[in-house]
$ cat structure-v2.txt   # compact mmCIF, C-alpha atoms
# COMPACT_ATOMS: atom_id res chain seq x y z
CA MET A 1 198.35 104.30 105.27
CA ASN A 2 195.39 105.38 103.12
CA ALA A 3 196.40 106.10 99.54
CA ALA A 4 194.72 109.28 98.32
CA TRP A 5 192.46 108.98 95.31
CA PRO A 6 192.59 111.49 92.47
CA ILE A 7 189.80 114.01 91.96
CA ALA A 8 186.75 112.06 90.89
CA LEU A 9 183.08 112.11 89.96
CA LEU A 10 180.65 110.42 92.33
CA LEU A 11 177.11 109.33 91.56
CA VAL A 12 174.58 108.47 94.28
CA THR A 13 171.28 107.18 92.90
CA PRO A 14 168.41 104.91 93.98
CA PHE A 15 169.24 101.23 93.47
CA ASP A 16 167.79 99.65 90.35
CA PRO A 17 168.87 96.36 88.72
CA SER A 18 168.82 98.09 85.33
CA LEU A 19 171.94 100.01 86.41
CA PHE A 20 173.91 96.77 86.08
CA THR A 21 173.05 95.54 82.61
CA PRO A 22 176.01 93.99 80.74
CA ASN A 23 176.37 97.02 78.45
CA SER A 24 176.16 99.57 81.28
CA CYS A 25 179.42 101.38 82.01
CA LEU A 26 178.20 101.89 85.58
CA SER A 27 178.49 98.17 86.30
CA THR A 28 182.29 98.52 86.41
CA ALA A 29 182.21 101.64 88.61
CA PHE A 30 180.06 100.27 91.47
CA TYR A 31 181.06 100.91 95.10
CA GLY A 32 178.17 99.30 96.95
CA ASN A 33 174.59 99.79 98.13
CA TYR A 34 173.81 101.80 101.28
CA GLN A 35 170.74 102.77 103.26
CA GLN A 36 169.01 106.14 103.53
CA GLY A 37 166.06 105.58 105.80
CA GLY A 38 163.98 103.00 103.94
CA THR A 39 165.68 103.63 100.57
CA THR A 40 168.61 101.68 99.12
CA LEU A 41 171.10 103.90 97.28
CA SER A 42 173.90 102.81 94.93
CA VAL A 43 177.24 104.63 94.85
CA PHE A 44 179.32 104.81 91.65
CA ARG A 45 182.59 106.44 90.64
CA PRO A 46 182.20 106.72 86.83
CA ASP A 47 184.45 108.53 84.41
CA ARG A 48 183.16 111.61 82.60
CA GLU A 49 182.20 109.77 79.40
CA CYS A 50 180.23 107.13 81.29
CA LEU A 51 178.42 109.72 83.39
CA ASP A 52 177.52 111.83 80.37
CA THR A 53 176.14 108.77 78.58
CA TRP A 54 174.06 107.72 81.58
CA THR A 55 172.65 111.17 82.29
CA THR A 56 171.64 111.52 78.64
CA ARG A 57 169.81 108.20 78.52
CA ALA A 58 168.37 107.40 81.93
CA ARG A 59 169.21 109.81 84.73
CA ALA A 60 166.95 109.37 87.76
CA SER A 61 165.37 112.58 89.00
CA SER A 62 166.63 111.83 92.54
CA ALA A 63 170.23 111.10 91.50
CA SER A 64 173.04 113.17 93.01
CA ILE A 65 176.26 113.89 91.11
CA THR A 66 179.27 115.35 92.92
CA GLU A 67 182.68 116.34 91.63
CA ALA A 68 185.30 115.89 94.34
CA ARG A 69 187.51 118.98 94.27
CA GLU A 70 190.10 117.52 96.63
CA ASP A 71 191.77 114.14 96.73
CA ILE A 72 189.46 111.47 98.12
CA GLN A 73 191.10 109.64 101.01
CA GLN A 74 188.55 107.15 102.41
CA LEU A 75 184.85 107.19 101.64
CA VAL A 76 182.52 106.58 104.57
CA TRP A 77 178.73 106.32 104.51
CA VAL A 78 177.09 107.57 107.73
CA GLU A 79 173.40 107.19 108.42
CA GLU A 80 170.80 107.55 111.10
CA GLN A 81 169.68 104.12 112.24
CA ALA A 82 166.04 103.09 112.21
CA ILE A 83 164.79 103.48 115.77
CA ASP A 84 161.47 103.68 117.57
CA VAL A 85 159.80 107.07 117.27
CA ALA A 86 159.81 107.42 121.06
CA LEU A 87 163.63 107.32 121.08
CA LYS A 88 163.90 110.15 118.58
CA THR A 89 162.84 112.57 121.33
CA GLN A 90 166.24 111.86 122.91
CA THR A 91 168.17 113.01 119.84
CA ARG A 92 168.57 116.15 117.76
CA PRO A 93 167.61 116.14 114.07
CA PHE A 94 170.09 114.35 111.80
CA GLY A 95 171.25 117.65 110.29
CA SER A 96 172.19 119.13 113.66
CA GLU A 97 173.88 115.90 114.75
CA LEU A 98 175.83 115.78 111.48
CA ASP A 99 177.03 119.38 111.84
CA ASN A 100 178.24 118.69 115.37
CA PHE A 101 179.88 115.44 114.25
CA LEU A 102 181.73 117.19 111.41
CA TYR A 103 182.98 119.88 113.77
CA THR A 104 184.32 117.22 116.13
CA LEU A 105 185.88 115.38 113.21
CA SER A 106 187.64 118.51 111.96
CA THR A 107 189.20 119.32 115.35
CA SER A 108 190.30 115.84 116.38
CA GLU A 109 193.33 113.65 115.99
CA ARG A 110 193.78 109.95 116.65
CA THR A 111 195.55 109.21 119.92
CA PRO A 112 195.96 105.75 121.48
CA VAL A 113 194.75 105.73 125.08
CA GLN A 114 196.84 103.68 127.45
CA ASN A 115 195.70 101.47 130.30
CA GLY A 116 198.60 100.32 132.40
CA GLY A 117 200.90 100.64 129.41
CA THR A 118 198.62 98.64 127.09
CA PRO A 119 196.70 100.34 124.27
CA VAL A 120 193.03 99.89 125.06
CA GLN A 121 191.27 101.91 122.41
CA GLU A 122 192.29 104.33 119.69
CA VAL A 123 190.21 107.40 120.43
CA MET A 124 189.98 111.02 119.37
CA VAL A 125 191.21 113.91 121.46
CA ASN A 126 190.57 117.57 120.77
CA THR A 127 193.69 119.21 119.30
CA HIS A 128 192.04 122.04 117.29
CA ARG A 129 193.87 120.86 114.17
CA GLN A 130 192.19 120.17 110.84
CA SER A 131 192.10 116.42 110.14
CA GLY A 132 190.48 116.86 106.72
CA TYR A 133 187.10 115.78 105.44
CA ALA A 134 184.70 116.55 102.64
CA VAL A 135 180.93 116.13 102.43
CA LEU A 136 180.24 114.54 99.03
CA TYR A 137 176.55 113.75 99.53
CA ARG A 138 174.07 114.80 102.19
CA SER A 139 170.39 114.18 102.82
CA PRO A 140 168.13 114.43 105.90
CA LYS A 141 169.02 110.84 106.87
CA ALA A 142 172.48 110.01 105.47
CA ALA A 143 175.74 111.43 104.18
CA LEU A 144 178.77 110.34 102.17
CA LEU A 145 182.09 111.66 103.50
CA SER A 146 185.72 111.60 102.48
CA VAL A 147 187.77 111.44 105.69
CA ALA A 148 191.35 110.95 106.80
CA THR A 149 190.61 109.08 110.05
CA ALA A 150 188.17 106.44 108.82
CA MET A 151 189.30 103.53 110.97
CA SER A 152 188.42 105.36 114.20
CA ILE A 153 185.40 107.30 113.00
CA ASP A 154 183.14 104.99 115.01
CA THR A 155 184.48 106.54 118.23
CA LEU A 156 182.98 109.90 117.24
CA LEU A 157 179.57 108.84 115.98
CA PRO A 158 176.52 110.19 117.82
CA ARG A 159 173.99 107.89 119.39
CA PHE A 160 171.82 105.91 116.94
CA TRP A 161 174.23 106.46 114.05
CA LYS A 162 176.30 103.94 112.15
CA SER A 163 179.10 104.16 109.58
CA THR A 164 180.19 101.95 106.69
CA LEU A 165 183.55 102.13 104.94
CA LEU A 166 183.35 102.00 101.15
CA PRO A 167 185.83 99.87 99.21
CA THR A 168 188.69 101.60 97.42
CA ASN A 169 188.14 99.68 94.21
CA PRO A 170 184.93 98.86 92.29
CA VAL A 171 183.09 95.73 93.35
CA PRO A 172 180.89 93.46 91.23
CA TYR A 173 177.15 93.53 91.68
CA ILE A 174 176.05 89.92 92.12
CA PRO A 175 172.27 89.47 92.03
CA VAL A 176 170.67 86.81 94.18
CA PRO A 177 169.79 83.77 91.98
CA SER A 178 166.07 83.21 91.50
CA SER A 179 166.44 79.67 92.80
CA SER A 180 167.79 81.02 96.10
CA LEU A 181 164.94 83.50 96.42
CA LYS A 182 162.43 80.73 95.77
CA HIS A 183 163.98 78.54 98.46
CA VAL A 184 164.00 81.30 101.11
CA LYS A 185 160.44 82.32 100.28
CA GLY A 186 159.42 78.68 100.65
CA VAL A 187 161.05 78.45 104.08
CA LEU A 188 159.32 81.64 105.25
CA ALA A 189 155.96 80.56 103.84
CA ASN A 190 156.02 77.33 105.86
CA LEU A 191 157.02 78.76 109.21
CA ARG A 192 154.57 77.64 111.90
CA PHE A 193 154.40 77.53 115.66
CA ASP A 194 156.08 74.34 116.87
CA PRO A 195 155.55 73.27 120.50
CA VAL A 196 158.84 71.35 120.50
CA ILE A 197 160.77 74.45 119.48
CA ALA A 198 158.81 76.49 122.02
CA SER A 199 159.86 74.12 124.79
CA ILE A 200 163.51 74.38 123.70
CA VAL A 201 163.33 78.19 123.74
CA GLY A 202 161.73 78.00 127.19
CA ASN A 203 164.77 76.05 128.38
CA ILE A 204 167.13 78.99 127.80
CA SER A 205 168.63 80.19 131.09
CA ILE A 206 168.14 83.90 131.81
CA PRO A 207 170.56 83.86 134.78
CA GLN A 208 173.21 82.37 132.50
CA ILE A 209 172.66 85.17 129.96
CA ASN A 210 173.13 87.72 132.75
CA ASN A 211 176.38 86.04 133.84
CA ASP A 212 177.72 85.98 130.28
CA ILE A 213 176.94 89.66 129.69
CA ARG A 214 178.57 90.63 132.96
CA PHE A 215 181.73 88.78 131.88
CA LEU A 216 181.79 90.52 128.49
CA THR A 217 181.29 93.96 130.04
CA GLY A 218 183.76 93.39 132.86
CA GLU A 219 181.04 93.97 135.46
CA ASP A 220 181.66 90.58 137.03
CA GLY A 221 185.01 91.81 138.34
CA LYS A 222 186.73 88.69 136.96
CA SER A 223 187.18 89.08 133.20
CA GLY A 224 189.18 92.31 133.42
CA ILE A 225 187.58 93.57 130.21
CA ILE A 226 187.39 97.37 130.01
CA SER A 227 186.76 97.79 126.30
CA ARG A 228 185.79 95.47 123.45
CA HIS A 229 186.81 97.94 120.75
CA SER A 230 188.04 95.96 117.73
CA PHE A 231 191.69 96.93 118.38
CA SER A 232 191.68 96.31 122.13
CA SER A 233 193.16 93.59 124.33
CA GLY A 234 189.71 93.22 125.91
CA ALA A 235 188.22 92.21 122.58
CA ARG A 236 190.96 89.64 122.06
CA ALA A 237 190.28 88.19 125.50
CA ALA A 238 186.57 88.06 124.68
CA ALA A 239 187.28 86.22 121.41
CA ILE A 240 189.25 83.48 123.17
CA TRP A 241 186.60 83.16 125.89
CA LEU A 242 183.82 82.92 123.30
CA LYS A 243 185.66 80.23 121.34
CA ASN A 244 186.21 78.16 124.48
CA SER A 245 182.60 78.62 125.60
CA PHE A 246 181.17 77.54 122.24
CA GLU A 247 183.49 74.54 122.05
CA GLU A 248 182.24 73.35 125.44
CA THR A 249 178.82 72.89 123.83
CA GLY A 250 180.15 70.57 121.10
CA ALA A 251 180.73 73.11 118.34
CA VAL A 252 183.85 73.06 116.20
CA CYS A 253 185.27 76.58 116.38
CA GLU A 254 187.96 78.65 114.75
CA LEU A 255 189.32 82.15 115.23
CA LYS A 256 189.39 83.69 111.74
CA PRO A 257 191.54 86.83 111.35
CA PHE A 258 190.47 89.18 108.55
CA LEU A 259 192.53 92.38 108.87
CA PRO A 260 195.77 93.31 110.63
CA GLY A 261 195.15 94.84 114.06
CA PHE A 262 191.53 93.70 114.32
CA THR A 263 190.36 90.96 116.62
CA PRO A 264 189.22 87.85 114.70
CA ASN A 265 185.79 86.52 113.86
CA VAL A 266 184.78 83.57 116.03
CA VAL A 267 183.18 80.96 113.74
CA CYS A 268 181.59 77.87 115.31
CA ARG A 269 179.81 75.05 113.50
CA TYR A 270 177.39 72.24 114.32
CA SER A 271 177.41 69.77 111.43
CA SER A 272 174.20 68.36 110.01
CA VAL A 273 173.26 64.72 110.60
CA LEU A 274 172.52 64.58 106.85
CA ASP A 275 174.94 64.79 103.95
CA THR A 276 174.15 68.37 102.93
CA THR A 277 175.87 71.66 102.25
CA ALA A 278 172.82 73.69 103.37
CA THR A 279 173.83 76.13 106.11
CA VAL A 280 172.03 78.49 108.48
CA ILE A 281 174.06 81.22 110.22
CA LEU A 282 173.15 82.94 113.48
CA GLY A 283 175.38 85.93 114.12
CA ALA A 284 176.13 88.79 116.50
CA HIS A 285 179.06 91.18 116.87
CA TYR A 286 181.15 91.08 120.00
CA ASP A 287 183.09 94.30 119.42
CA SER A 288 181.92 97.58 120.93
CA ARG A 289 182.84 101.26 120.87
CA GLY A 290 183.06 104.12 123.33
CA SER A 291 181.08 107.15 122.23
CA PHE A 292 183.09 110.34 121.57
CA GLY A 293 186.39 108.79 122.59
CA ASP A 294 185.20 107.35 125.91
CA LEU A 295 187.74 104.80 127.13
CA ARG A 296 185.06 102.56 128.62
CA ALA A 297 183.29 100.48 125.95
CA PRO A 298 181.42 97.70 127.79
CA GLY A 299 178.80 97.14 125.06
CA GLY A 300 176.31 95.40 127.30
CA ASP A 301 173.46 96.14 124.92
CA ASP A 302 175.37 96.75 121.66
CA ASP A 303 176.06 93.95 121.24
CA GLY A 304 176.60 92.00 124.43
CA SER A 305 172.90 91.16 124.28
CA GLY A 306 173.18 89.47 120.89
CA THR A 307 176.46 87.73 121.74
CA ALA A 308 175.04 86.38 125.00
CA ALA A 309 171.98 85.19 123.05
CA LEU A 310 174.26 83.14 120.77
CA LEU A 311 175.92 81.61 123.82
CA SER A 312 172.54 80.79 125.36
CA ILE A 313 171.49 79.03 122.15
CA ALA A 314 174.75 77.05 122.13
CA LYS A 315 174.33 75.98 125.76
CA THR A 316 170.73 74.94 125.12
CA ILE A 317 171.86 72.88 122.11
CA LYS A 318 174.16 70.92 124.42
CA ARG A 319 171.69 70.68 127.30
CA LYS A 320 168.87 69.36 125.09
CA GLY A 321 171.07 67.21 122.83
CA ILE A 322 169.82 68.93 119.68
CA ARG A 323 170.88 67.71 116.23
CA PHE A 324 170.27 69.51 112.94
CA LEU A 325 169.16 68.62 109.41
CA SER A 326 171.18 71.57 108.07
CA ASN A 327 174.61 72.75 109.08
CA VAL A 328 174.37 75.52 111.68
CA GLU A 329 177.00 78.17 112.31
CA LEU A 330 177.10 80.53 115.27
CA VAL A 331 179.39 83.44 114.38
CA ALA A 332 180.58 86.26 116.64
CA PHE A 333 181.86 88.99 114.32
CA ALA A 334 184.45 91.68 115.00
CA GLY A 335 184.92 95.00 113.21
CA GLU A 336 181.18 95.74 113.11
CA GLU A 337 181.51 99.21 114.55
CA GLN A 338 184.00 100.20 111.84
CA GLY A 339 181.52 99.28 109.09
CA LEU A 340 180.58 95.56 109.22
CA LEU A 341 184.17 94.66 108.36
CA GLY A 342 184.29 91.21 109.93
CA SER A 343 181.03 90.02 108.42
CA LYS A 344 181.92 91.45 104.99
CA ALA A 345 185.25 89.65 105.07
CA TYR A 346 183.45 86.41 105.89
CA SER A 347 180.74 86.83 103.27
CA ARG A 348 182.39 88.16 100.12
CA LYS A 349 185.55 89.36 98.46
CA PHE A 350 186.53 92.46 100.32
CA ILE A 351 188.97 95.35 99.86
CA LEU A 352 189.87 98.03 102.41
CA PRO A 353 191.85 101.26 102.24
CA PHE A 354 195.20 99.98 103.41
CA ALA A 355 194.79 98.02 100.54
CA GLN A 356 197.33 96.12 98.59
CA TYR A 357 197.87 93.76 101.49
CA VAL A 358 194.16 93.40 102.02
CA ALA A 359 193.35 93.02 98.34
CA GLN A 360 195.79 90.14 98.11
CA HIS A 361 195.08 88.40 101.41
CA VAL A 362 191.53 89.10 102.59
CA SER A 363 188.79 87.29 100.71
CA GLY A 364 185.19 86.40 101.35
CA GLU A 365 185.16 82.81 102.55
CA LEU A 366 181.50 82.06 101.94
CA ARG A 367 181.52 83.55 98.45
CA GLU A 368 184.71 81.78 97.43
CA ALA A 369 183.44 78.47 98.79
CA ASN A 370 180.17 78.92 96.89
CA ALA A 371 178.39 78.30 100.19
CA ASN A 372 174.83 77.01 100.16
CA LEU A 373 173.47 79.55 102.64
CA THR A 374 169.76 79.21 103.41
CA MET A 375 169.42 82.07 105.86
CA MET A 376 171.39 84.39 108.12
CA ILE A 377 169.85 85.92 111.26
CA GLN A 378 171.68 88.73 113.04
CA ALA A 379 171.12 89.43 116.75
CA ASP A 380 171.91 93.03 117.66
CA MET A 381 170.73 95.10 120.64
CA LEU A 382 168.09 92.57 121.67
CA ALA A 383 165.17 93.73 123.83
CA TYR A 384 166.39 97.32 123.84
CA ARG A 385 163.83 99.69 125.36
CA GLU A 386 163.57 102.79 127.47
CA PRO A 387 163.62 102.39 131.28
CA GLY A 388 160.10 101.55 132.45
CA GLU A 389 158.90 100.65 128.96
CA PRO A 390 157.29 97.17 128.78
CA PRO A 391 158.99 94.49 126.63
CA GLN A 392 157.71 94.42 123.05
CA LEU A 393 158.10 92.26 119.97
CA GLY A 394 158.36 94.35 116.82
CA LEU A 395 157.61 92.59 113.54
CA PRO A 396 158.25 94.37 110.21
CA GLU A 397 155.33 94.74 107.86
CA LEU A 398 157.53 93.98 104.86
CA TYR A 399 160.54 91.74 104.28
CA VAL A 400 162.68 93.10 101.43
CA ILE A 401 164.76 90.33 99.94
CA THR A 402 167.16 92.75 98.20
CA ASP A 403 168.00 94.24 101.61
CA LEU A 404 168.51 90.83 103.21
CA PHE A 405 170.94 89.69 100.55
CA LYS A 406 172.36 92.91 99.15
CA ASN A 407 176.00 93.13 98.09

$ encode --input "structure-v2.txt" --output "structure tokens"
Amino acid sequence: MNAAWPIALLLVTPFDPSLFTPNSCLSTAFYGNYQQGGTTLSVFRPDRECLDTWTTRARASSASITEAREDIQQLVWVEEQAIDVALKTQTRPFGSELDNFLYTLSTSERTPVQNGGTPVQEVMVNTHRQSGYAVLYRSPKAALLSVATAMSIDTLLPRFWKSTLLPTNPVPYIPVPSSSLKHVKGVLANLRFDPVIASIVGNISIPQINNDIRFLTGEDGKSGIISRHSFSSGARAAAIWLKNSFEETGAVCELKPFLPGFTPNVVCRYSSVLDTTATVILGAHYDSRGSFGDLRAPGGDDDGSGTAALLSIAKTIKRKGIRFLSNVELVAFAGEEQGLLGSKAYSRKFILPFAQYVAQHVSGELREANANLTMMIQADMLAYREPGEPPQLGLPELYVITDLFKN
């Protein structure tokens, strides 16, 4: 279903707002910002004239230019996630992991695995047949690939890796308005300990969180969930259960499809007591993946922990009779493991490889509605630690606004 692209030039360079000036030809060849360790990189697909002009005037010393010598099928950014140093002892260096991953990718073919006649998860099986890929950019912490099996690449990723699908058409770079930055900085500057909020947090039920996670993973023996892969029946069952559970707390919920075959986003809203459009979003992803084609994808930690946290917040809202001065949305996203697809579809105009349908029918709801979004907090793999390691609270030394609100 992926339409092959013609041979092309690709530019990967450190992000800089000056790349997007009105008279810059690169501004119409932009394919998104992506992470390489602590560095944000921009990916462009310029024509030869544009690239020659840019390299003559302002080429960055760390820029990478690649000429694709075969048709580009689907671009995928893969990167090593930021993890605690202690966990790195459990993994091989990124280069070794990438080599092994590419070997697996080149000798694998997509095959739906059946469970009682029902497709559970589309996984890879070893067939010793070339599937086709090309490495277009590579560094010690990230790589840009052209692959034929992009929609199931998440089933092959090593531990502590993540992938992001690039769009098949250029996207606009939309800078965050200065007024929005000022507002968020003001909110952060005035954050203080509040005993009322502390008492509400203390009211969250840990046993209830355990019960919810056991339902999502199928460990309770009642839900019947084997996998919450985005294409699975288990994920669809989880979506319906989440919607019903949130609605029991007084939220108004909706299942929002975003791509054919994927389970929907679950969007739930508590309206403000004031007449305001200001909105705060708390999110988590309820889909999961089985590593290296494993049929079982319970996702207790990634991201049953975050999803159960959203449910615990919702149940505490009901139990304590909480009302809000801003609109509050609790959103359980799908398609995260394939490259943040559900959240991207909800946040901005979005185009995927199987494309004309998507280009015409899938749009970013928040962007199109010109939503007044104050803040979004994502809960993913909460309280993860090694066995025997004491619980810790890690606080970043620096909040980078461009990362929080990047395109």

$ residues_around --input "structure-v2.txt" --residues "A:Phe215" --least-positions-apart "5" --cutoff "10 Å" --atoms "all atoms listed in the file" --output "short mmCIF file (atom, residue, chain, number, x, y, z; two decimals) with C-alpha atoms, in the frame of the given file"
data_model
loop_
_atom_site.label_atom_id
_atom_site.label_comp_id
_atom_site.auth_asym_id
_atom_site.auth_seq_id
_atom_site.Cartn_x
_atom_site.Cartn_y
_atom_site.Cartn_z
CA ILE A 209 172.66 85.17 129.96
CA ASN A 210 173.13 87.72 132.75
CA ASP A 220 181.66 90.58 137.03
CA GLY A 221 185.01 91.81 138.34
CA LYS A 222 186.73 88.69 136.96
CA SER A 223 187.18 89.08 133.20
CA GLY A 224 189.18 92.31 133.42
CA ILE A 225 187.58 93.57 130.21
CA ALA A 238 186.57 88.06 124.68
CA TRP A 241 186.60 83.16 125.89
CA PRO A 298 181.42 97.70 127.79
CA GLY A 300 176.31 95.40 127.30
CA GLY A 304 176.60 92.00 124.43
CA ALA A 308 175.04 86.38 125.00
#

$ atom_distance --input "structure-v2.txt" --atom1 "atom CA of A:Arg69" --atom2 "atom CA of A:Tyr173"
27.6 Å

$ closest_residue --input "structure-v2.txt" --among "A:Arg296, A:Arg214, A:His183, A:Lys344" --to "A:Asn265" --atoms "only C-alpha atoms"
A:Lys344

$ closest_residue --input "structure-v2.txt" --among "A:Gln338, A:Gly202, A:Phe231, A:Ala8" --to "A:Val76" --atoms "all atoms listed in the file"
A:Gln338

$ closest_residue --input "structure-v2.txt" --among "A:Asn211, A:Ile317, A:Ala345, A:Gly283" --to "A:Glu247" --atoms "all atoms listed in the file"
A:Ile317

$ atom_distance --input "structure-v2.txt" --atom1 "atom CA of A:Ala148" --atom2 "atom CA of A:Phe258"
21.9 Å

$ residues_around --input "structure-v2.txt" --residues "A:Leu311" --least-positions-apart "5" --cutoff "9 Å" --atoms "all atoms listed in the file" --output "list in words"
Ile209, Asp212, Leu242, Ser245, Phe246, Gly306, Thr316 and Leu330 of chain A

$ residues_near_point --input "structure-v2.txt" --point "(188.2, 93.0, 120.3)" --cutoff "9 Å" --atoms "all atoms listed in the file" --output "list of chain:residue names"
A:Ser227, A:Arg228, A:His229, A:Ser230, A:Phe231, A:Ser232, A:Ser233, A:Gly234, A:Ala235, A:Arg236, A:Ala237, A:Ala238, A:Ala239, A:Phe262, A:Thr263, A:Pro264, A:Tyr286, A:Asp287, A:Ser288, A:Ala334, A:Gly335

$ build_atoms --input "structure-v2.txt" --residues "stretch 161-173 of chain A" --atoms "N, CA, C and O atoms" --output "CSV table (one decimal), in the coordinates of the input"
chain,number,residue,atom,x,y,z
A,161,TRP,N,173.6,106.3,115.4
A,161,TRP,CA,174.2,106.5,114.0
A,161,TRP,C,175.1,105.2,113.8
A,161,TRP,O,175.5,104.5,114.7
A,162,LYS,N,175.3,105.0,112.5
A,162,LYS,CA,176.3,103.9,112.2
A,162,LYS,C,177.1,104.4,110.9
A,162,LYS,O,176.6,105.2,110.1
A,163,SER,N,178.3,103.8,110.7
A,163,SER,CA,179.1,104.2,109.6
A,163,SER,C,179.5,102.9,108.8
A,163,SER,O,179.6,101.8,109.4
A,164,THR,N,179.7,103.1,107.5
A,164,THR,CA,180.2,102.0,106.7
A,164,THR,C,181.3,102.5,105.8
A,164,THR,O,181.1,103.5,105.1
A,165,LEU,N,182.5,101.8,105.8
A,165,LEU,CA,183.6,102.1,104.9
A,165,LEU,C,183.3,101.6,103.5
A,165,LEU,O,182.9,100.5,103.4
A,166,LEU,N,183.5,102.4,102.5
A,166,LEU,CA,183.4,102.0,101.2
A,166,LEU,C,184.7,101.4,100.7
A,166,LEU,O,185.7,101.7,101.2
A,167,PRO,N,184.6,100.4,99.7
A,167,PRO,CA,185.8,99.9,99.2
A,167,PRO,C,186.6,100.9,98.4
A,167,PRO,O,186.0,101.9,98.0
A,168,THR,N,187.9,100.7,98.2
A,168,THR,CA,188.7,101.6,97.4
A,168,THR,C,188.8,101.2,95.9
A,168,THR,O,189.4,102.0,95.2
A,169,ASN,N,188.2,100.1,95.6
A,169,ASN,CA,188.1,99.7,94.2
A,169,ASN,C,186.7,99.3,93.9
A,169,ASN,O,186.0,98.9,94.8
A,170,PRO,N,186.3,99.3,92.6
A,170,PRO,CA,184.9,98.9,92.3
A,170,PRO,C,184.7,97.4,92.7
A,170,PRO,O,185.6,96.6,92.7
A,171,VAL,N,183.5,97.1,93.0
A,171,VAL,CA,183.1,95.7,93.4
A,171,VAL,C,182.0,95.3,92.4
A,171,VAL,O,181.2,96.1,91.9
A,172,PRO,N,181.9,94.0,92.1
A,172,PRO,CA,180.9,93.5,91.2
A,172,PRO,C,179.5,93.4,91.9
A,172,PRO,O,179.5,93.2,93.1
A,173,TYR,N,178.5,93.7,91.2
A,173,TYR,CA,177.2,93.5,91.7
A,173,TYR,C,176.7,92.1,91.3
A,173,TYR,O,176.7,91.7,90.2
